[in-house]
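Input: a single structure, listed below in structure tokens.
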Amino acid sequence: MDTEKLAKLLYPNAKTTEYWLEKYPKRELKKGAEVTRLAPSPTGYLHTGHAYSALINKLTAKKSGGIFYLRLEDTDQKRLIDHAGDIAYHMLVSYDLTPDEGYRGDELAQIGDYGDYIQSKRLGIYQSFAKSLVEKGKAFPCFCKKTEGIEDVEERRQKQLEETGNIEEKDPCRELTYEQIEEKIKNGEEFALKLKSNGNLDKTIVVEDLIKGKREIRENAKDIVLMKSNGIPPYAFAHAVDDSLMGTTIVVRGEEWYPSLSAHLELFNALGFKPPKYAHTPVICKLDKNGNKRKLSKRKDPEADVRFFIEEGYPKVAVIEYLLNLLNSDFEIWRTNNPTLSYKEFPFSISKIGSNNPMFDFIKLADISKNYISRLSADEVYTMLVEWAKRFDIDFCKILTENSDFSKSVLNIDRTTPKPRKDIAKWNEVKNYYDYMFYGIKNYQLEDVDKSKLKEAIKAYSVVYNENDDKQVWFEKIKNLANKLGYATDNKLYKQNPQAYKGNVADLCTYIRLALTGRKNSPDIYEIAKILGTREVQRRFKNIEKQ
RNA sequence: GCCCCUAUGGUCAAGCGGUCAAGACGUCGCCCUCUCACGGCGGAAUCAAGGGUUCGAUUCCCUUUAGGGGUACCA
């Protein structure tokens with residue numbers, strides 16, 4: 001068959017590939033610089049897995065002095081959602097994973113010389129390369145309808161699968177003559193363009209995956225679709241064309257793509273492009289109700305959407321560090337040794353990524369987050385907290401900002417010590433944790449508390465309390481009071497003979513804490529009392545009488 | 001069905017032919033302590049099963065099992 005003639009028939013208006021190759025010359029980058037990309041399909045949110053990939057991409061690009069760009073893969077018309085690309089971009093920004101190039105939340109705001117970075121805007125490019133493949137005899141039109149007649153693709157494939165158990169597929173439309181094709185085109189029939197695979201399932205090729213290492217995989221033998229009948233390419237073709245033209249050097253993608261790697265490689269080959277390096281990453285999973293591991297799912301798992309972490313108030317760095325910990329497990333050792341450095345300084349490496357699908361662990365996340373927050377200053381905590389509250393808890397935000405000095409001093413309790421407390425893992429816990437500072441005491445945790453002892457102790461203590469006492473004096477007074485009321489001031493003595501006392505100083509402190517906070521658990525009560533001020537302290541002491 | 005990937009404690013995991021099988025989270029105990037926490041110390045807990053190869057297998061090979069993924073004109 002005259003393939004050039006066929007190409008003209010199929011794509012009469014397509015530009016030459018040379019045109020595009022000239023328009024998008026090879027990137028001039030220093031040696032070793034890697035170009036990476038995140039290429040989500042805009043479905044209205046950013047998957048936690050995307051953040052995970054974005055982190056790999058960004059760190060890899062940064063480390064090598066390269067570029068990380070964002071491309072929108074909006075080739076599935078059925079799944080298009082308005083402004084989904086904006087959301088994806090802004091989520092990346094909010095996690096400090098901002099791309100250097102590409103789509104930036106708005107069609108007009110793209111930067112970079114290799115655009116358009118939205119696939120639906122690149123149809124002309126795909127046509128040119130599709131045409132070139134037809135010219136080279138490496139692609140053919142297929143007129144089969146997915147939904148009708150004996151040529152029903154699915155049906156045929158199903159049958160073939162049952163009969164031969166093989167995925168090899170020499171498409172019948174390969175045999176169409178030029179005349180037949182011309183006829184169908186004249187009749188206005190739509191066609192899909194397919195790859196004329198010359199692969200052999202019995203042969204293998206060796207590939208080197210950056211994570212999986214050297215592997216032998218079977219050749220592709222499927223005549224995969226290059227252009228859908230609506231004129232839009234599916235993933236594989238868009239991937240091959242775009243990543244070649246845009247100069248991607250490393251493609252980071254989920255492991256679910258690994259089985260189609262041989263098809264993609266054949267495509268690059270047919271196109272005459274050198275394929276990029278690949279890194280097929282593990283997929284973040286979780287344990288479902290039946291005890292089975294499964295991929296994080298948008299529908300079932302709120303944590304599949306990175307917005308979840310923002311709403312809950314996990315600091316973005318904590319989330320990133322958790323992900324980083326999943327990626328390179330030596331990160332946490334590095335973190336303990338370098339408590340003050342940014343995670344960006346960590347010697348990240350793709351090759352250190354394990355190949356197991358990790359299970360998402362909220363407890364570990366909380367631990368990382370608590371540690372992170374404990375390292376922050378009160379001002380930093382205040383700023384982040386307010387930023388969160390502004391969006392998710394307006395009332396609390398008002399209280400915080402109207403009393404900013406007070407708020408900061410509350411947040412500063414036990415923070416400047418060498419071993420700061422680790423009570424807070426996410427911002428939505430703060431209000432509840434410090435409610436007695438911001439809202440007064442709603443109810444007292446008085447189970448297992450001897451109320452008469454409590455009242456006696458507080459009554460006596462209210463007399464001696466003086467807010468001007470320094471901490472030494474403050475505690476001396478408590479000890480004196482303990483002696484006076486019959487509480488032990490020596491823990492060892494108390495333990496030896498508990499019956500001899502009403503309790504020990506610890507109990508006395510618990511009473512004071514209860515009076516001040518309503519709780520048995522709180523940060524340093526000396527500080528709390530100071531911040532509250534004498535009037536409020538005395539008021540709270542008085543309030544105990546009523547309990 | 002067929003193909004691919006994976007398999008170390010409850011979780012994340014080091015390990016890459018000879019280790020008393022790191023470390024972290026969680027858990028338990030003790031200590032410190034004005035409670036809780038923080039911190040310190042210690043304990044329990046892992047090589048999926050069965051075959052090979054080898055002087056020697058957690059490590060290499062095979063089988064089984066389990067889990068994940070793919071098998072779309074979805075990505």
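Convention: chains lettered A, B, ... in structure tokens order; per-chain residue numbering from 1; ligands numbered from 1 as shown.
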
Write down as a short mmCIF file (atom, residue, chain, number, x, y, z; two decimals) with N, CA and C atoms, in the first residue's frame the residues belonging to range 13-203 of chain A that are assigned helix (DSSP H, G or I) by DSSP computed on the backbone.
data_model
loop_
_atom_site.label_atom_id
_atom_site.label_comp_id
_atom_site.auth_asym_id
_atom_site.auth_seq_id
_atom_site.Cartn_x
_atom_site.Cartn_y
_atom_site.Cartn_z
N THR A 17 6.14 16.80 11.04
CA THR A 17 6.75 16.65 12.36
C THR A 17 7.95 17.58 12.52
N GLU A 18 8.61 17.85 11.41
CA GLU A 18 9.77 18.75 11.45
C GLU A 18 9.38 20.11 12.02
N TYR A 19 8.19 20.53 11.66
CA TYR A 19 7.72 21.82 12.15
C TYR A 19 7.76 21.85 13.67
N TRP A 20 7.24 20.80 14.27
CA TRP A 20 7.19 20.76 15.74
C TRP A 20 8.56 20.55 16.35
N LEU A 21 9.32 19.70 15.68
CA LEU A 21 10.67 19.43 16.19
C LEU A 21 11.50 20.71 16.22
N GLU A 22 11.23 21.56 15.24
CA GLU A 22 11.95 22.82 15.19
C GLU A 22 11.42 23.80 16.24
N LYS A 23 10.12 23.75 16.39
CA LYS A 23 9.50 24.65 17.37
C LYS A 23 9.92 24.30 18.79
N THR A 48 -3.40 11.90 46.87
CA THR A 48 -2.22 11.80 47.72
C THR A 48 -1.07 11.15 46.95
N GLY A 49 -1.41 10.23 46.08
CA GLY A 49 -0.39 9.62 45.23
C GLY A 49 0.27 10.63 44.30
N HIS A 50 -0.49 11.64 43.90
CA HIS A 50 0.09 12.69 43.06
C HIS A 50 1.11 13.50 43.85
N ALA A 51 0.76 13.79 45.10
CA ALA A 51 1.68 14.56 45.94
C ALA A 51 2.96 13.75 46.13
N TYR A 52 2.77 12.48 46.30
CA TYR A 52 3.87 11.54 46.46
C TYR A 52 4.79 11.56 45.23
N SER A 53 4.19 11.47 44.04
CA SER A 53 4.99 11.55 42.81
C SER A 53 5.61 12.92 42.65
N ALA A 54 4.80 13.94 42.93
CA ALA A 54 5.29 15.31 42.76
C ALA A 54 6.54 15.52 43.61
N LEU A 55 6.52 14.96 44.80
CA LEU A 55 7.66 15.09 45.70
C LEU A 55 8.90 14.45 45.09
N ILE A 56 8.72 13.26 44.54
CA ILE A 56 9.84 12.58 43.89
C ILE A 56 10.35 13.44 42.73
N ASN A 57 9.42 13.89 41.92
CA ASN A 57 9.77 14.69 40.75
C ASN A 57 10.51 15.96 41.12
N LYS A 58 9.93 16.65 42.09
CA LYS A 58 10.49 17.94 42.47
C LYS A 58 11.89 17.76 43.07
N LEU A 59 12.03 16.83 43.97
CA LEU A 59 13.33 16.62 44.60
C LEU A 59 14.38 16.17 43.60
N THR A 60 13.96 15.31 42.69
CA THR A 60 14.89 14.81 41.69
C THR A 60 15.36 15.92 40.76
N ALA A 61 14.40 16.72 40.32
CA ALA A 61 14.75 17.82 39.44
C ALA A 61 15.68 18.80 40.16
N LYS A 62 15.30 19.12 41.39
CA LYS A 62 16.03 20.11 42.14
C LYS A 62 17.47 19.66 42.41
N LYS A 63 17.58 18.44 42.83
CA LYS A 63 18.88 17.89 43.17
C LYS A 63 19.84 17.91 41.97
N SER A 64 19.27 17.69 40.79
CA SER A 64 20.11 17.59 39.60
C SER A 64 20.24 18.92 38.87
N GLN A 77 -12.53 12.86 27.72
CA GLN A 77 -13.63 13.82 27.72
C GLN A 77 -14.67 13.53 28.78
N LYS A 78 -14.85 12.27 29.07
CA LYS A 78 -15.91 11.89 30.00
C LYS A 78 -15.63 12.33 31.43
N ARG A 79 -14.36 12.52 31.72
CA ARG A 79 -14.02 12.80 33.12
C ARG A 79 -13.67 14.26 33.38
N ALA A 84 -10.55 21.81 37.47
CA ALA A 84 -9.83 20.74 38.15
C ALA A 84 -8.33 20.98 38.09
N GLY A 85 -7.88 21.52 36.98
CA GLY A 85 -6.46 21.80 36.84
C GLY A 85 -5.99 22.84 37.84
N ASP A 86 -6.83 23.81 38.10
CA ASP A 86 -6.48 24.86 39.06
C ASP A 86 -6.27 24.23 40.43
N ILE A 87 -7.20 23.35 40.75
CA ILE A 87 -7.12 22.72 42.07
C ILE A 87 -5.80 21.97 42.19
N ALA A 88 -5.50 21.19 41.16
CA ALA A 88 -4.27 20.40 41.20
C ALA A 88 -3.07 21.33 41.40
N TYR A 89 -3.04 22.39 40.60
CA TYR A 89 -1.90 23.31 40.70
C TYR A 89 -1.81 23.94 42.09
N HIS A 90 -2.93 24.42 42.57
CA HIS A 90 -2.90 25.12 43.86
C HIS A 90 -2.59 24.20 45.03
N MET A 91 -2.99 22.95 44.87
CA MET A 91 -2.61 21.98 45.91
C MET A 91 -1.09 21.79 45.91
N LEU A 92 -0.53 21.70 44.73
CA LEU A 92 0.93 21.56 44.65
C LEU A 92 1.60 22.76 45.30
N VAL A 93 1.10 23.93 45.00
CA VAL A 93 1.68 25.13 45.58
C VAL A 93 1.57 25.09 47.11
N SER A 94 0.41 24.68 47.58
CA SER A 94 0.23 24.73 49.02
C SER A 94 1.10 23.70 49.74
N GLU A 107 -5.30 28.47 32.08
CA GLU A 107 -4.84 28.20 30.73
C GLU A 107 -3.86 29.26 30.23
N LEU A 108 -4.09 30.50 30.65
CA LEU A 108 -3.26 31.59 30.14
C LEU A 108 -1.98 31.79 30.94
N ALA A 109 -1.91 31.10 32.05
CA ALA A 109 -0.79 31.37 32.95
C ALA A 109 0.35 30.36 32.81
N GLN A 119 -3.01 18.87 27.26
CA GLN A 119 -3.02 17.96 26.12
C GLN A 119 -4.14 18.23 25.12
N SER A 120 -5.28 18.64 25.61
CA SER A 120 -6.38 18.87 24.67
C SER A 120 -6.08 20.03 23.73
N LYS A 121 -5.04 20.80 24.06
CA LYS A 121 -4.66 21.92 23.20
C LYS A 121 -3.56 21.53 22.22
N LEU A 123 -3.74 18.90 19.97
CA LEU A 123 -4.25 17.95 19.00
C LEU A 123 -3.51 17.99 17.67
N GLY A 124 -3.14 19.20 17.25
CA GLY A 124 -2.43 19.35 15.99
C GLY A 124 -1.10 18.62 16.02
N ILE A 125 -0.45 18.69 17.15
CA ILE A 125 0.84 18.02 17.29
C ILE A 125 0.68 16.51 17.16
N TYR A 126 -0.32 16.00 17.86
CA TYR A 126 -0.54 14.55 17.82
C TYR A 126 -0.84 14.10 16.40
N GLN A 127 -1.61 14.92 15.70
CA GLN A 127 -1.96 14.57 14.32
C GLN A 127 -0.73 14.44 13.45
N SER A 128 0.19 15.37 13.62
CA SER A 128 1.40 15.33 12.81
C SER A 128 2.16 14.04 13.03
N PHE A 129 2.30 13.68 14.29
CA PHE A 129 3.07 12.47 14.58
C PHE A 129 2.30 11.20 14.21
N ALA A 130 0.99 11.30 14.31
CA ALA A 130 0.16 10.18 13.87
C ALA A 130 0.35 9.98 12.37
N LYS A 131 0.32 11.09 11.70
CA LYS A 131 0.47 11.04 10.25
C LYS A 131 1.82 10.44 9.88
N SER A 132 2.84 10.84 10.59
CA SER A 132 4.18 10.34 10.25
C SER A 132 4.26 8.84 10.46
N LEU A 133 3.55 8.37 11.43
CA LEU A 133 3.53 6.93 11.68
C LEU A 133 2.83 6.19 10.54
N VAL A 134 1.77 6.80 10.04
CA VAL A 134 1.07 6.19 8.91
C VAL A 134 1.99 6.17 7.70
N GLU A 135 2.68 7.27 7.50
CA GLU A 135 3.62 7.35 6.37
C GLU A 135 4.65 6.24 6.44
N VAL A 153 -15.09 -4.70 19.17
CA VAL A 153 -13.73 -4.90 19.64
C VAL A 153 -13.66 -5.73 20.92
N GLU A 154 -14.50 -5.33 21.86
CA GLU A 154 -14.45 -6.00 23.15
C GLU A 154 -14.78 -7.49 23.01
N GLU A 155 -15.82 -7.72 22.23
CA GLU A 155 -16.28 -9.09 22.04
C GLU A 155 -15.17 -9.93 21.42
N ARG A 156 -14.57 -9.36 20.41
CA ARG A 156 -13.53 -10.08 19.69
C ARG A 156 -12.36 -10.39 20.64
N ARG A 157 -12.02 -9.39 21.41
CA ARG A 157 -10.90 -9.55 22.32
C ARG A 157 -11.20 -10.62 23.37
N GLN A 158 -12.42 -10.54 23.88
CA GLN A 158 -12.85 -11.50 24.89
C GLN A 158 -12.74 -12.92 24.35
N LYS A 159 -13.23 -13.09 23.13
CA LYS A 159 -13.24 -14.40 22.48
C LYS A 159 -11.80 -14.90 22.31
N GLN A 160 -10.99 -14.00 21.83
CA GLN A 160 -9.60 -14.35 21.59
C GLN A 160 -8.90 -14.76 22.88
N LEU A 161 -9.24 -14.03 23.92
CA LEU A 161 -8.64 -14.30 25.22
C LEU A 161 -9.01 -15.70 25.69
N GLU A 162 -10.27 -16.02 25.52
CA GLU A 162 -10.74 -17.33 25.96
C GLU A 162 -10.12 -18.45 25.13
N GLU A 163 -10.01 -18.20 23.84
CA GLU A 163 -9.52 -19.26 22.97
C GLU A 163 -8.02 -19.49 23.12
N THR A 164 -7.29 -18.41 23.08
CA THR A 164 -5.84 -18.57 23.04
C THR A 164 -5.15 -18.18 24.34
N PRO A 172 -7.77 -6.96 12.60
CA PRO A 172 -8.27 -7.25 11.25
C PRO A 172 -8.20 -6.04 10.32
N CYS A 173 -8.34 -4.86 10.88
CA CYS A 173 -8.32 -3.67 10.04
C CYS A 173 -6.96 -3.41 9.40
N ARG A 174 -5.96 -4.11 9.86
CA ARG A 174 -4.65 -4.02 9.20
C ARG A 174 -4.78 -4.38 7.71
N GLU A 175 -5.72 -5.30 7.44
CA GLU A 175 -5.83 -5.85 6.09
C GLU A 175 -6.62 -4.97 5.14
N TYR A 178 -6.37 0.26 0.49
CA TYR A 178 -6.52 1.71 0.38
C TYR A 178 -7.91 2.08 -0.09
N GLU A 179 -8.38 1.31 -1.06
CA GLU A 179 -9.70 1.59 -1.61
C GLU A 179 -10.80 1.46 -0.56
N GLN A 180 -10.69 0.41 0.22
CA GLN A 180 -11.69 0.22 1.27
C GLN A 180 -11.67 1.39 2.25
N ILE A 181 -10.47 1.79 2.59
CA ILE A 181 -10.33 2.89 3.54
C ILE A 181 -10.92 4.17 2.96
N GLU A 182 -10.54 4.41 1.72
CA GLU A 182 -11.01 5.62 1.06
C GLU A 182 -12.54 5.66 1.03
N GLU A 183 -13.10 4.51 0.74
CA GLU A 183 -14.54 4.37 0.69
C GLU A 183 -15.17 4.76 2.04
N LYS A 184 -14.62 4.20 3.08
CA LYS A 184 -15.17 4.44 4.41
C LYS A 184 -15.02 5.91 4.80
N ILE A 185 -13.89 6.48 4.45
CA ILE A 185 -13.67 7.89 4.77
C ILE A 185 -14.71 8.73 4.03
N LYS A 186 -14.91 8.39 2.77
CA LYS A 186 -15.89 9.12 1.96
C LYS A 186 -17.27 9.04 2.58
#

* Within 9 Å of chain A, which residues of chain B show up when using only C-alpha atoms (C1' of nucleotides), listed as a count of residues only? -> 30

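Shortest separation to Lys398 in chain A among A:Phe438, A:Val206, A:Leu296, A:Arg122 occurs at residue A:Phe438, atoms counted being only C-alpha atoms.
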
* Grab the CA of Ser409 in chain A to CA of Tyr433 in chain A distance for me, in Å with one decimal place. =>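 Between CA of Ser409 in chain A and CA of Tyr433 in chain A the gap works out to 14.7 Å.
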
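The neighbours of C47 in chain B here are the residues that come within 12 Å of it, using only C-alpha atoms (C1' of nucleotides) and leaving out any residue fewer than 6 positions away in the same chain; they are A7, U8, G9, G15, A21, A57, U58 and U59 of chain B.
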
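Interatomic distance, CA of Lys138 in chain A against CA of Asn198 in chain A: 8.7 Å.
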
* Got a sec to tell me which of range 136-310 of chain A DSSP assigns to strand (DSSP E), as number ranges by chain? -> A: 139-142, 192-195, 204-209, 213-218, 225-227, 250-254, 277-281, 285-287, 293-295
